[in-house]
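J.: Right, I'll just put the structure down here and ask away after.
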Amino acid sequence: MKLHKTLYLKFLLAYLILGVLSFIIISAAAGIMISKYLTRHQADVLYRKAQLAAEDIGYGIRQGTEGRDETLLHIKELESYIDANIRVIDSTGRQILYSGKQTASDEVITFPDFDSTSSGTYYTTGSFFGAFEEPMLNVFYPITSRYSVIGYCVIHYPMSEIYIMRDNLLNIAYISMLIVYVLCLFILAFFSYAVYIPLRKIISAAEEYARGHMDYPLEINRRDEMGYLSGTLNYMAEQIARAEDNQRKFIANVSHDFRSPLTSVRGYLTAMIDGTIPPELSEKYLTIVLNETERLTKLTNGLLELNSLNDKGLVLTYSDFDINAVIKQTCETFGVQCERKKISFEVILSGEELFVHADKDKIQQVLYNLIDNAIKFSNSNSMIKIETTEKNDMAFISVKDSGIGIPKDSINMIFDRFYKTDLSRGKDKKGTGLGLAITKEIILAHNQNINVISTEGVGSEFIFTLHISDTDE
Ligand code: ADP
């Protein structure tokens with residue numbers, strides 16, 4: 001699968017979108033909000049000025065023509081103070097006073113569209129009925145005389161001033177945004193170092209593993225999730241490589257172990273048919289052939305058994321039984337073999353009885369395999385020691401011989417299927433190398449352990465554990 005939309009591209013795209021969106025939001029939404037806020041704020045300020053002016057103008061109007069000139073003077077002063085035009089109109093919309101540029105004195109200016117009744121809002125924005133070319137903030141305050149409204153004081157403030165203030169504030173916002181945006185770039189760079197680069201390495205390694213190159217090196221020496229993931233992947237690759245190796249060895253071993261008895265059976269039978277072996281000797285050779293077929297049967301049974309033990313469905317039939325009694329019984333079945341090799345047993349049991357909780361038949365098989373091996377690999381006139389000990393709620397069962405022992409570099413492999421040490425090959429030609437593999441599977445199925453201590457030329461000791469039954473009486 002080719003990577004088209006890489007995570008990195010997606011993050012880069014998200015980063016660009018973040019930049020564009022921030023810019024749009026600041027310039028549009030924030031621009032509008034700041035304008036509204038500044039307009040309202042300025043209107044508040046001007047409203048208070050308009051109130052003062054309206055009181056002054058009301059007084060002037062009541063004084064007649066003289067007062068009018070004086071009021072105009074006051075208004076002019078106020079205008080230069082607040083830097084805005086002030087206009088007075090009566091309630092019909094006729095202009096009475098204007099502090100800005102004067103028209104011909106006799107010209108009567110009216111604002112017919114001025115609606116004195118809609119005084120709910122105290123400010124508007126716009127050209128004030130076409131009086132200005134640019135948009136203005138127009139703040140109204142009613143002028144009262146004897147409790148009735150006789151006109152309005154209107155202060156005109158250019159919106160361009162507000163826009164300048166807005167733009168200054170917006171510039172601050174843009175600079176802040178730019179700083180955050182650059183910081184985000186650092187985060188993106190850090191992300192690429194912390195996540196993206198190791199992720200690419202892991203993907204390459206996974207692709208190599210998928211192609212079967214299990215020895216592809218994947219090194220991410222970090223203590224975070226990426227390091228953990230790469231460690232797990234490495235471990236997985238090692239396990240797969242080991243499993244593949246085991247499978248190869250397994251097939252090689254199976255083929256080898258089946259082929260040698262078959263070759264000898266075939267050889268003897270051919271020799272009998274073509275007369276190389278005379279008929280009077282055929283009985284002797286047929287016995288050999290029979291032995292070989294027995295070996296093949298043993299091999300096939302061993303394989304089938306291992307397979308069934310490996311199945312997840314392996315059901316152990318647990319019971320509480322006396323392991324000491326089972327040991328004695330199993331030793332007895334080896335009577336003939338022991339006599340032939342002049343081997344004796346030394347059985348040291350922890351007490352009269354030792355009840356354990358396990359599958360009796362399977363444990364008997366384990367004991368059988370271990371004692372069988374001990375006899376096979378012991379020298380004549382030797383002793384095999386079988387011992388049971390108790391510790392806490394565990395029983396330890398040991399089978400110890402003083403035979404050929406196991407070489408150091410083989411000790412880790414003796415529980416593998418088909419494994420036989422070079423030392424043992426001469427001693428036991430019939431061995432299948434499956435006995436200990438079966439033994440280990442059985443002990444593991446019980447959630448117990450089996451261990452071996454061995455010295456080449458001195459002897460071996462196999463020890464396994466079992467759970468002592470709770471009803472041990
Ligand atoms: P086998 O059928 O060959 O005995 P096992 O799985 O029982 O197969 O044993 C595997 C190998 O482990 C043996 O071939 C032998 O090399 C070694 N081994 C097992 N038990 C002993 C022992 N008591 N002393 C020395 N070597 C042993």
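Labeling convention for the structure tokens: chains A, B, ... as they appear, residues from 1 per chain, ligands from 1 in order of appearance.
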Please check which protein, DNA or RNA residues sit within 6 Å of ligand 1, counting only C-alpha atoms and all ligand atoms, and write them as a ChimeraX atom specification.

T.: /A:373-374,377,403-406,414,419-421,424,431-437,460

J.: Go ahead and save the residues from that selection, with all heavy atoms, as a short mmCIF file (atom, residue, chain, number, x, y, z; two decimals), in the first residue's frame.

T.:
```
data_model
loop_
_atom_site.label_atom_id
_atom_site.label_comp_id
_atom_site.auth_asym_id
_atom_site.auth_seq_id
_atom_site.Cartn_x
_atom_site.Cartn_y
_atom_site.Cartn_z
N ASN A 373 14.13 -41.60 30.17
CA ASN A 373 15.36 -40.93 29.73
C ASN A 373 16.50 -41.21 30.70
O ASN A 373 17.62 -41.49 30.28
CB ASN A 373 15.14 -39.41 29.68
CG ASN A 373 14.47 -38.99 28.39
OD1 ASN A 373 14.36 -39.79 27.46
ND2 ASN A 373 14.00 -37.74 28.33
N ALA A 374 16.19 -41.11 32.00
CA ALA A 374 17.24 -41.33 33.01
C ALA A 374 17.86 -42.71 32.83
O ALA A 374 19.08 -42.86 32.89
CB ALA A 374 16.66 -41.16 34.40
N PHE A 377 19.93 -42.90 29.45
CA PHE A 377 21.20 -42.17 29.39
C PHE A 377 22.10 -42.42 30.61
O PHE A 377 23.05 -41.70 30.85
CB PHE A 377 20.95 -40.68 29.19
CG PHE A 377 20.15 -40.41 27.94
CD1 PHE A 377 18.88 -39.86 28.00
CD2 PHE A 377 20.66 -40.78 26.70
CE1 PHE A 377 18.14 -39.65 26.85
CE2 PHE A 377 19.91 -40.57 25.54
CZ PHE A 377 18.64 -40.02 25.61
N GLY A 403 24.22 -40.16 34.64
CA GLY A 403 24.54 -40.67 33.30
C GLY A 403 25.42 -39.74 32.50
O GLY A 403 26.28 -39.03 33.06
N ILE A 404 25.16 -39.69 31.20
CA ILE A 404 26.07 -38.97 30.30
C ILE A 404 25.98 -37.44 30.46
O ILE A 404 26.88 -36.72 30.07
CB ILE A 404 25.81 -39.34 28.82
CG1 ILE A 404 24.34 -39.05 28.44
CG2 ILE A 404 26.16 -40.79 28.55
CD1 ILE A 404 24.07 -39.17 26.95
N GLY A 405 24.86 -36.96 31.01
CA GLY A 405 24.71 -35.52 31.18
C GLY A 405 24.40 -34.82 29.85
O GLY A 405 24.37 -35.46 28.79
N ILE A 406 24.18 -33.54 29.95
CA ILE A 406 23.81 -32.77 28.74
C ILE A 406 24.83 -31.65 28.55
O ILE A 406 25.08 -30.89 29.50
CB ILE A 406 22.39 -32.18 28.90
CG1 ILE A 406 21.37 -33.31 29.14
CG2 ILE A 406 21.98 -31.36 27.68
CD1 ILE A 406 20.07 -32.85 29.73
N ILE A 414 16.91 -28.94 24.75
CA ILE A 414 16.44 -30.32 24.90
C ILE A 414 14.92 -30.42 24.97
O ILE A 414 14.36 -31.47 24.72
CB ILE A 414 17.06 -31.04 26.13
CG1 ILE A 414 16.83 -30.22 27.37
CG2 ILE A 414 18.53 -31.35 25.90
CD1 ILE A 414 17.03 -31.03 28.62
N TYR A 419 14.76 -32.52 19.26
CA TYR A 419 16.16 -32.25 19.60
C TYR A 419 16.77 -33.44 20.35
O TYR A 419 16.19 -33.96 21.30
CB TYR A 419 16.29 -30.98 20.45
CG TYR A 419 17.74 -30.64 20.65
CD1 TYR A 419 18.46 -30.01 19.63
CD2 TYR A 419 18.41 -31.02 21.80
CE1 TYR A 419 19.81 -29.75 19.78
CE2 TYR A 419 19.76 -30.76 21.95
CZ TYR A 419 20.45 -30.13 20.93
OH TYR A 419 21.79 -29.90 21.07
N LYS A 420 17.94 -33.84 19.91
CA LYS A 420 18.69 -34.89 20.60
C LYS A 420 20.13 -34.41 20.69
O LYS A 420 20.66 -33.89 19.71
CB LYS A 420 18.67 -36.20 19.79
CG LYS A 420 17.31 -36.82 19.65
CD LYS A 420 17.45 -38.09 18.87
CE LYS A 420 16.24 -38.33 18.01
NZ LYS A 420 16.42 -39.40 17.08
N THR A 421 20.75 -34.59 21.85
CA THR A 421 22.15 -34.15 21.93
C THR A 421 23.03 -35.14 21.17
O THR A 421 22.66 -36.31 21.01
CB THR A 421 22.63 -34.08 23.40
OG1 THR A 421 22.67 -35.41 23.91
CG2 THR A 421 21.73 -33.23 24.25
N SER A 424 23.87 -38.27 23.05
CA SER A 424 22.87 -39.30 23.28
C SER A 424 22.62 -40.17 22.05
O SER A 424 22.08 -41.25 22.15
CB SER A 424 21.56 -38.65 23.71
OG SER A 424 21.00 -37.96 22.62
N GLY A 431 15.31 -43.12 20.09
CA GLY A 431 14.68 -41.90 20.61
C GLY A 431 14.11 -41.02 19.49
O GLY A 431 14.66 -40.95 18.39
N THR A 432 13.01 -40.37 19.81
CA THR A 432 12.38 -39.51 18.79
C THR A 432 12.68 -38.03 19.04
O THR A 432 12.46 -37.20 18.17
CB THR A 432 10.85 -39.68 18.83
OG1 THR A 432 10.40 -39.35 20.14
CG2 THR A 432 10.44 -41.09 18.49
N GLY A 433 13.11 -37.74 20.24
CA GLY A 433 13.35 -36.31 20.56
C GLY A 433 12.06 -35.58 20.85
O GLY A 433 12.03 -34.35 20.89
N LEU A 434 10.98 -36.33 21.04
CA LEU A 434 9.68 -35.68 21.31
C LEU A 434 9.28 -35.78 22.79
O LEU A 434 8.44 -35.02 23.25
CB LEU A 434 8.59 -36.31 20.44
CG LEU A 434 8.70 -36.08 18.95
CD1 LEU A 434 7.62 -36.86 18.21
CD2 LEU A 434 8.56 -34.60 18.63
N GLY A 435 9.88 -36.73 23.50
CA GLY A 435 9.48 -37.00 24.88
C GLY A 435 9.50 -35.76 25.77
O GLY A 435 8.49 -35.45 26.43
N LEU A 436 10.60 -35.01 25.75
CA LEU A 436 10.70 -33.85 26.64
C LEU A 436 9.80 -32.70 26.17
O LEU A 436 9.30 -31.93 26.99
CB LEU A 436 12.16 -33.37 26.74
CG LEU A 436 13.08 -34.21 27.64
CD1 LEU A 436 14.47 -33.62 27.68
CD2 LEU A 436 12.51 -34.31 29.05
N ALA A 437 9.59 -32.62 24.83
CA ALA A 437 8.69 -31.57 24.32
C ALA A 437 7.27 -31.83 24.85
O ALA A 437 6.59 -30.90 25.31
CB ALA A 437 8.69 -31.57 22.80
N SER A 460 22.27 -35.79 35.18
CA SER A 460 21.24 -34.75 34.97
C SER A 460 20.17 -34.89 36.04
O SER A 460 19.90 -35.98 36.53
CB SER A 460 20.57 -34.93 33.61
OG SER A 460 21.51 -35.21 32.62
#
```

J.: Identify all residues of region 117-350 of chain A in alpha helix (DSSP H) (DSSP on the backbone) and supply them as a ChimeraX atom specification.

T.: /A:159-191,197-210,225-273,282-310,323-333,335-341

J.: Kindly indicate which residue among A:Ser192, A:Thr124, A:Ser350, A:Gln365 lies nearest to Thr388 (chain A), using only C-alpha atoms for the distances.

T.: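 Result for the nearest residue to Thr388 (chain A): A:Ser350.
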
J.: Rank A:Leu38, A:Met413, A:Ser230, A:Gly100 by their smallest atom-to-atom distance to Asp167 (chain A), using only C-alpha atoms, and report the top residue only.

T.: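 Among A:Leu38, A:Met413, A:Ser230, A:Gly100, it is A:Leu38 that comes nearest to Asp167 (chain A).
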
J.: Quick one: pull the distance between CA of Val366 (chain A) and CA of Ile453 (chain A), Å, one decimal.

T.: 17.0 Å

J.: Pick out the residues sitting within 7 Å of region 73-76 of chain A, and hand them over as a PyMOL selection string; count only C-alpha atoms, and ignore anything fewer than 6 positions along from it in its own chain.

T.: chain A and resi 53+86+99

J.: Between CA of Leu233 (chain A) and CA of Glu441 (chain A), what is the distance in Å, rounded to a tenth?

T.: 26.8 Å

J.: For Leu303 (chain A), which residue out of A:Val265, A:Lys385, A:Phe418, A:Asn392 is the nearest one, using only C-alpha atoms?

T.: A:Phe418

J.: What residues in region 104-295 of chain A get the DSSP label strand (DSSP E)? Please answer as a ChimeraX atom specification.

T.: /A:123-126,136-145,148-158

J.: Under the rule that only C-alpha atoms are counted, which of A:Ile25, A:Ile164, A:Ala173, A:Met394 is the nearest residue to Thr39 (chain A)?

T.: A:Ile164

J.: Tell me, as a PyMOL selection string, which residues lie within 10 Å of Pro112 (chain A), counting only C-alpha atoms; anything in the same chain fewer than 6 positions away does not count.

T.: chain A and resi 92-94+129

J.: Report, in Å to a single decimal, how far apart CA of Ile240 (chain A) and CA of Arg200 (chain A) are.

T.: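 Calculated distance between CA of Arg200 (chain A) and CA of Ile240 (chain A) is 21.7 Å.
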
J.: Hey, which of A:Leu269, A:Gln448, A:Gln95, A:Leu78 ends up closest to Phe396 (chain A)? Count only C-alpha atoms.

T.: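 Checking each candidate against Phe396 (chain A), we get A:Gln448 as the closest.
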